[in-house]
Structures are given as structure tokens and as C-alpha cells.
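Data block below; observations after.
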Amino acid sequence: MAHGGGQVPVFCSLCEEDTRITWKCLNCDMLMCDKCKEKIHVKFKFAKDHKVVSIEELGLHEDEIDLSNINCKTHAGQTCVLFCQSCVYLVCPLCISETHNGHGLVTIKEGYEILISKLKTRGKNIGTNIHELEKRKEEVKDVDRAELSQFENTLKKIKDQNVQLKKEVDQHTKKLETELIKKWEDLHRCTETEEKEVSLLIESLASKKSVVDDIIQSNDGKRIFVDGLELVQSMEETVTSPCSKFDSIPTFLPGEITAYNIGSLENVSTKGEIKIIKQFDTEISNVMFMAACSEDTLWITNQEVLQKVKIEGRSLKIIDQKNIKIYGMACTPSEDLLLVTAGGSVLKQISGQTGEMTDSKYKVKGFVLSTVHVNSDGKVTTGAYSGEIVYPAVGRRVVVVMDKSGKHDTTIEYDTQGKSIFTYVMNITRTNNGNICVVDQLSEDWRGRVVILSEDGDVLNTFNGNPEVNTDKIPFEPIYVLTTPFDNIIVSNRNHNILYFLNNSGNYIRYCDTRKPGILYPRPFCSTEAGHTYVGCVTPIDSSDKAKIYEVDIL
């Protein structure tokens with residue numbers, strides 16, 4: 001039976017005599033003394049190509065570790081003679097007879113090598129864990145630094161907003177005070193004039209009353225009939241002026257202080273990343289409009305050809321196609337498709353059941369429709385205009401909200417100063433808190449802005465682009481908007497691979513360069529009830545490629 005002895009010497013692999021090992025051939029996996037390296041190994045075939053290194057380079061030692069006289073932990077006075085692989089334990093003869101007989105027993109040296117191998121593996125794993133933890137530590141530091149920067153930046157913005165609001169409040173209250181003072185001065189001037197006129201009239205009448213009293217007390221009949229009659233006639237001709245009607249001093253109605261005009265703290269993602277989940281190839285060159293009517297069915301169009309496509313794995317199967325000029329579209333909760341067609345004041349409707357196209361019950365008489373959005377509750381919001389599409393606008397520009405029956409709930413056209421809000425309503429989305437988000441094109445070269453409105457039509461906010469991205473050379477050209485499942489707003493830019501993210505109040509959050517995930521020229525969006533988000537793309541004018549659609553995850 002093999003047993004663990006004392007210190008085991010290591011011999012030269014070639015002469016098996018010299019124990020002064022100084023070299024190792026990595027190709028032969030052979031330990032050598034100086035003599036064999038110089039005299040024998042060099043005669044091996046291809047020896048000149050072998051790599052021979054010194055023992056010092058390998059970190060080895062001539063002396064082996066002492067594995068003798070290791071006491072048994074179980075039986076006092078016994079020395080361990082073998083290593084049990086089954087139990088990973090050093091055993092003495094008594095251990096073998098009592099417990100480990102039949103187990104996988106090897107020499108202590110082999111057991112030592114097994115444990116050294118396990119320890120090296122464990123040490124490597126620990127080293128890897130330490131490395132990962134160090135990385136995590138640095139990431140935490142990075143987060144702390146980034147969040148400190150964000151904290152300081154946010155705090156500065158709050159203070160700047162406080163200063164700006166105070167300045168604007170001071171200016172506004174000063175304006176109100178000036179207006180009030182002027183009203184009071186005008187009123188006071190009128191009352192003073194009136195008071196003086198009344199005082200003079202009182203003096204005149206008092207003088208006449210004195211004469212009347214004197215005549216009455218004279219007891220002179222002749223005087224009464226002569227002077228008294230003349231006085232009575234002159235008094236009848238005197239007409240007392242009625243009291244003038246003065247303008248009242250207006251009452252001050254304090255405005256409501258809300259998060260819309262001050263700002264709010266919100267937890268929003270700041271990564272600005274979009275991850276592609278799936279990519280689909282279409283049969284059209286540009287996806288200009290897109291709508292999801294179910295979890296696996298989309299309507300897409302290049303404005304000339306309308307296709308209904310079914311998602312099958314990573315492919316799109318065309319299940320319906322129509323040739324029709326389209327300027328906007330949206331799906332209803334009943335999976336019918338509403339269309340904005342050329343010059344129409346009535347939305348067309350394609351039945352989700354039969355595919356038949358008819359006039360819908362949604363119309364804006366006297367206007368041409370420009371875009372349409374449908375809420376999850378079935379409310380329809382449209383943009384419309386009268387006259388021609390010119391810049392600056394001539395004619396009326398409106399946003400109309402209709403209920404499911406087609407009745408007009410709200411028509412939005414003017415701001416609180418009576419000025420027209422819109423130039424040309426290109427696209428609309430609605431947020432979960434009820435706000436209306438409108439892409440308003442301001443000029444023929446596609447420059448525009450995003451207007452955030454309350455349900456009642458009050459202008460809450462406007463977004464005119466971000467100075468980090470938009471310059472005179474790279475203008476803000478918003479074209480499509482979408483409300484995300486987190487109730488944020490995504491805005492696509494017409495000629496640049498940029499998406500802007502706003503919160504539901506229209507405050508800017510961040511922007512994303514879509515070239516990083518590999519999405520070029522993103523245009524329309526759509527999303528399903530389950531939260532799947534799709535983005536459609538266009539291709540360069542001189543390209544023969546077909547347009548792509550991506551299912552994306554917004555991080």
C-alpha cells in the first residue's frame with residue numbers, strides 16, 4: 001500500500017540521478033539538471049525550437065514540501081498515510097479501516113497536488129471576485145461623483161429658477177402695481193373734478209336758498225310775487241346733474257403656484273440609451289407613419305402605399321395593402337384605423353374586421369385635417385387648419401378633441417392673450433396626466449417647437465430644442481412625438497439621428513444619438529398596450545434600400 005513518506009526528492013527526468021534541478025523544457029514537460037540540458041536534451045529532434053526556462057523563472061524550488069509526520073485529527077498518536085479523494089481528508093490506517101476503506105485513496109503527495117489545484121482555482125476565483133468588486137467599487141465611486149454633479153447641477157437649477165422667478169414675479173407685480181396706480185390716479189382725478197363741480201353747485205344752490213329764505217321771512221307780498229315768482233321760475237330751470245359712474249378699482253386674483261410654473265423633482269432615467277430588441281425589414285423605402293392595432297399587427301405607410309403587416313418572429317408578413325395618400329393615422333381601441341387623407345375634413349376609417357374603408361364620424365367642418373391621435377379611452381385629438389399652408393400662417397389653426405361619438409369636447413386655438421397658438425400642427429400625442437403634446441411647424445424649412453397644453457387648452461410649456469444639439473447649422477426640426485409607458489415624451493428630429501426625451505410637463509430630460517445602437521433616420525413611433533415600442537425609419541434619397549422597423553427598449 002502506498003503511503004506518505006518523508007521529504008521526497010525530485011530527480012532529473014533524463015539521468016534520474018542528479019537532484020539539482022535547474023531547468024525545465026516547456027515543450028517536453030521535462031525537468032533537467034545542467035549536464036543533461038547541455039549534453040542530452042540538445043540532441044532531441046527539434047530541440048532548438050523548444051523553450052527551456054530556469055526553475056527560478058517558474059517559481060519552483062529544488063526542495064519538496066515536507067509531507068511527513070502529519071498527525072491524524074481523529075486518532076491520537078496516529079500519522080496520516082493517505083489522502084481520501086472521496087471525503088477530501090487526510091487519513092491514518094485506523095481511519096481507513098473504520099471509515100474510508102473502499103474510498104478513492106491516493107498518496108499524500110497526490111492529495112497535496114489535488115488540494116493545491118483546488119486552492120489555486122479558489123484563489124483565482126477569489127482574485128476574479130476581488131477584481132469585480134474593485135470594479136464595482138469604482139462604479140459606485142463614479143455613480144457618487146456623477147450623482148454629486150447631478151445634485152449640484154440640480155440645486156443650481158433650482159436656485160437659478162428661484163432667482164428667475166423672483167425677477168419675473170417682481171417685474172409682473174411691478175407692472176400690476178403701475179397699472180393699479182394709474183387706474184387709481186385716473187379714478188381719483190375724476191372724483192376730484194366731480195367733487196369740485198358738486199361743491200360749486202351746492203354753493204350756488206345755498207345762495208339761492210338764502211334768497212328764498214329772506215323773501216319768505218320778509219312778509220312783503222309785493223316782493224313775494226315779483227322776486228319770489230322770478231326765483232321760482234329760475235329754480236325750475238336748474239337741473240341737478242346725476243352722480244357720475246366711475247370705473248371701479250379692479251380686484252387682484254392671485255394666480256395658482258404649481259409645479260408647471262416653478263418646476264418639480266422627478267426620478268427620470270439619465271442614461272439616454274435605446275436597445276434594439278428586434279429588427280424588421282419592410283417592403284417600402286420609407287416608414288412615414290405607423291400605428292399598432294394589436295400586439296402583433298402594425299399599419300405602416302410611405303404616404304402612398306398603406307400596408308397592414310403581421311409580426312412573425314423577426315419577419316413582417318403583408319396581410320393587406322391599399323394605395324392611398326396619407327398624412328396621418330392612428331388606431332382606435334376597437335382596432336379600426338383612422339386616416340388623415342389629402343384635403344379632407346373627415347377622418348377616413350378602415351374596419352379592423354372587414355378592411356373596408358369609409359368616412360368616420362370624426363370631422364372638423366370648414367377645416368383641413370393635418371394629424372390625428374387616439375387615446376386609450378377612445379378620445380380622438382386632431383390638428384386642422386383653414387386656408388393655405390403658408391408661413392407665417394394665414395387662416396385658423398386648431399387642435400380639436402372629440403369624444404368616442406365624434407362630439408367636439410374642446411377646441412384649442414388661442415392663448416390667454418388672444419393670440420393664435422399654432423402655425424401648423426404636424427403631430428400630436430397625449431400623456432397619461434391628460435396633457436396634449438403638439439409638434440408645431442413654424443417655417444417652410446421644417447423648424448418647429450413642441451407645445452404642451454393642459455386638457456383645457458392652456459399653454460403649459462414649450463420645447464424649442466436643446467443647445468447641446470441644436471444650433472443654426474443643426475436646427476430643431478421636430479416631426480413625430482410618442483408618449484412612453486413611463487409617461488415621458490419622445491420627440492424625433494427630421495434630418496438628424498437624435499431623439500429628445502421630455503417629461504409629461506414638457507421639461508427636457510435628455511437626448512439620445514440613435515446611431516450608437518445602429519438606428520438611422522428614425523421617424524414615427526408606435527407602442528402597444530403591453531408596452532412594446534416600435535420605431536420606423538426612412539432611407540436616404542439616393543438609396544435603394546428598404547426601410548427598417550425596430551422594436552426597442554428605452555433604458
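Identifiers in the C-alpha cells: chain A, B, ... in order shown; residue index from 1 per chain; ligand index from 1 in order shown.
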Identify, on the basis of only C-alpha atoms, every residue whose closest approach to region 454-462 of chain A does not exceed 7 Å; exclude the query and any residue fewer than 2 positions from it along the same chain; express the result as a PyMOL selection string.
chain A and resi 260+412+415+434-436+449-452+464+505-506
Compile the contact shell of region 95-103 of chain A as a ChimeraX atom specification: residues with an atom at most 9 Å away, counting only C-alpha atoms, same-chain residues fewer than 5 positions apart removed.
/A:72,74-75,80,82,84-87,90
Counting only C-alpha atoms, what is within 9 Å of Gly448 (chain A), bar same-chain residues fewer than 3 positions away, as a ChimeraX atom specification?
/A:439-443,464-465,475-479
Selected residue, from A:Ser376, A:Thr423, A:Ser54, A:Thr341, that lies nearest to Val390 (chain A) when counting only C-alpha atoms:
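Looking at the shortest contact to Val390 (chain A), the residue is A:Thr423.
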Please return, as number ranges by chain, all residues of region 28-234 of chain A that DSSP assigns to helix (DSSP H, G or I) on the basis of the backbone.
A: 34-39, 41-43, 47-49, 55-58, 93-100, 108-218, 221-234
As an NGL selection string, please: the residues near Tyr385 (chain A) (cut-off 12 Å, only C-alpha atoms, same-chain neighbours under 2 positions excluded).
:A and (343-345 or 364-371 or 382-383 or 387-390 or 393-400 or 412-413 or 420 or 422-426)
Selection file, N, CA and C atoms, as a tab-separated table (two decimals), in the first residue's frame:
```
chain	number	residue	atom	x	y	z
A	343	GLY	N	-56.54	66.83	-48.15
A	343	GLY	CA	-57.59	67.84	-48.24
A	343	GLY	C	-58.87	67.51	-47.53
A	344	GLY	N	-58.86	66.49	-46.66
A	344	GLY	CA	-60.10	66.06	-46.05
A	344	GLY	C	-60.42	66.73	-44.72
A	345	SER	N	-61.70	66.97	-44.47
A	345	SER	CA	-62.15	67.48	-43.18
A	345	SER	C	-62.77	66.36	-42.35
A	364	VAL	N	-64.11	67.86	-38.77
A	364	VAL	CA	-63.97	69.26	-38.35
A	364	VAL	C	-64.39	70.12	-39.54
A	365	LYS	N	-65.65	70.51	-39.57
A	365	LYS	CA	-66.20	71.23	-40.73
A	365	LYS	C	-65.49	72.55	-40.95
A	366	GLY	N	-65.22	72.84	-42.21
A	366	GLY	CA	-64.60	74.10	-42.57
A	366	GLY	C	-63.09	74.10	-42.43
A	367	PHE	N	-62.51	72.96	-42.09
A	367	PHE	CA	-61.06	72.85	-41.90
A	367	PHE	C	-60.52	71.67	-42.68
A	368	VAL	N	-59.21	71.68	-42.89
A	368	VAL	CA	-58.50	70.52	-43.45
A	368	VAL	C	-57.71	69.87	-42.33
A	369	LEU	N	-57.89	68.57	-42.15
A	369	LEU	CA	-57.21	67.86	-41.07
A	369	LEU	C	-55.73	67.68	-41.41
A	370	SER	N	-54.87	67.76	-40.39
A	370	SER	CA	-53.43	67.61	-40.62
A	370	SER	C	-52.82	66.43	-39.86
A	371	THR	N	-53.43	65.99	-38.75
A	371	THR	CA	-52.89	64.86	-37.99
A	371	THR	C	-53.98	64.33	-37.06
A	382	THR	N	-57.34	65.85	-32.99
A	382	THR	CA	-56.89	66.15	-34.36
A	382	THR	C	-56.29	67.55	-34.44
A	383	GLY	N	-55.42	67.73	-35.41
A	383	GLY	CA	-54.96	69.06	-35.78
A	383	GLY	C	-55.64	69.43	-37.08
A	387	GLY	N	-57.57	77.71	-44.89
A	387	GLY	CA	-56.72	78.46	-45.80
A	387	GLY	C	-55.58	77.61	-46.33
A	388	GLU	N	-54.48	78.25	-46.65
A	388	GLU	CA	-53.33	77.56	-47.22
A	388	GLU	C	-52.27	77.30	-46.16
A	389	ILE	N	-51.38	76.33	-46.44
A	389	ILE	CA	-50.25	76.09	-45.55
A	389	ILE	C	-49.14	77.04	-45.95
A	390	VAL	N	-49.07	78.17	-45.26
A	390	VAL	CA	-48.05	79.18	-45.54
A	390	VAL	C	-47.45	79.64	-44.21
A	393	ALA	N	-48.55	81.85	-40.71
A	393	ALA	CA	-49.86	81.25	-41.00
A	393	ALA	C	-50.88	82.32	-41.38
A	394	VAL	N	-51.69	81.98	-42.37
A	394	VAL	CA	-52.85	82.78	-42.74
A	394	VAL	C	-54.06	81.87	-42.62
A	395	GLY	N	-55.03	82.28	-41.84
A	395	GLY	CA	-56.17	81.41	-41.57
A	395	GLY	C	-56.09	80.87	-40.15
A	396	ARG	N	-56.97	79.95	-39.85
A	396	ARG	CA	-57.07	79.42	-38.49
A	396	ARG	C	-56.29	78.11	-38.36
A	397	ARG	N	-55.74	77.88	-37.16
A	397	ARG	CA	-55.02	76.65	-36.82
A	397	ARG	C	-55.56	76.16	-35.49
A	398	VAL	N	-56.08	74.94	-35.46
A	398	VAL	CA	-56.77	74.47	-34.25
A	398	VAL	C	-56.36	73.04	-33.90
A	399	VAL	N	-56.54	72.72	-32.63
A	399	VAL	CA	-56.49	71.34	-32.13
A	399	VAL	C	-57.86	71.05	-31.56
A	400	VAL	N	-58.47	69.96	-32.03
A	400	VAL	CA	-59.83	69.62	-31.62
A	400	VAL	C	-59.84	68.26	-30.94
A	412	ILE	N	-58.98	74.07	-29.30
A	412	ILE	CA	-57.87	74.89	-28.80
A	412	ILE	C	-57.31	75.69	-29.96
A	413	GLU	N	-57.27	77.03	-29.80
A	413	GLU	CA	-56.80	77.87	-30.89
A	413	GLU	C	-55.99	79.06	-30.41
A	420	SER	N	-53.12	83.47	-31.72
A	420	SER	CA	-53.17	82.11	-32.23
A	420	SER	C	-51.95	81.33	-31.74
A	422	PHE	N	-50.90	78.09	-32.77
A	422	PHE	CA	-50.23	77.19	-33.70
A	422	PHE	C	-49.96	77.84	-35.06
A	423	THR	N	-48.91	77.33	-35.72
A	423	THR	CA	-48.62	77.70	-37.10
A	423	THR	C	-49.04	76.57	-38.05
A	424	TYR	N	-48.58	75.34	-37.76
A	424	TYR	CA	-49.06	74.17	-38.50
A	424	TYR	C	-48.89	72.95	-37.58
A	425	VAL	N	-50.01	72.30	-37.25
A	425	VAL	CA	-49.99	71.17	-36.32
A	425	VAL	C	-49.59	69.91	-37.10
A	426	MET	N	-48.37	69.42	-36.84
A	426	MET	CA	-47.84	68.28	-37.59
A	426	MET	C	-48.14	66.93	-36.92
```
Skipping near chain neighbours, those fewer than 4 positions away, what residues fall within 10 Å of Ile541 (chain A) using only C-alpha atoms, listed as a list in words?
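Using only C-alpha atoms, the neighbours found are Ser285, Asn286 and Asp545 of chain A.
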DSSP says strand (DSSP E or B) for which residues of region 93-277 of chain A? Put them as a list in words?
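Answer for region 93-277 of chain A, restricted to strand (DSSP E or B): Leu105, Val106, Thr107, Ile274, Lys275, Ile276 and Ile277 of chain A.
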Can those selected residues be exported to a file as an mmCIF file, in the first residue's frame so that it contains C-alpha atoms?
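Heads up, here's the output in result_4.cif:
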```
data_model
loop_
_atom_site.group_PDB
_atom_site.id
_atom_site.type_symbol
_atom_site.label_atom_id
_atom_site.label_comp_id
_atom_site.auth_asym_id
_atom_site.auth_seq_id
_atom_site.Cartn_x
_atom_site.Cartn_y
_atom_site.Cartn_z
ATOM 1 C CA LEU A 105 -7.298 6.774 -1.695
ATOM 2 C CA VAL A 106 -4.136 8.368 -3.106
ATOM 3 C CA THR A 107 -0.738 9.303 -1.703
ATOM 4 C CA ILE A 274 -32.025 52.692 -26.681
ATOM 5 C CA LYS A 275 -31.556 48.952 -27.006
ATOM 6 C CA ILE A 276 -32.652 47.119 -30.150
ATOM 7 C CA ILE A 277 -34.716 44.025 -29.363
#
```
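CA of Glu177 (chain A) sits 11.9 Å away from CA of Ile249 (chain A).
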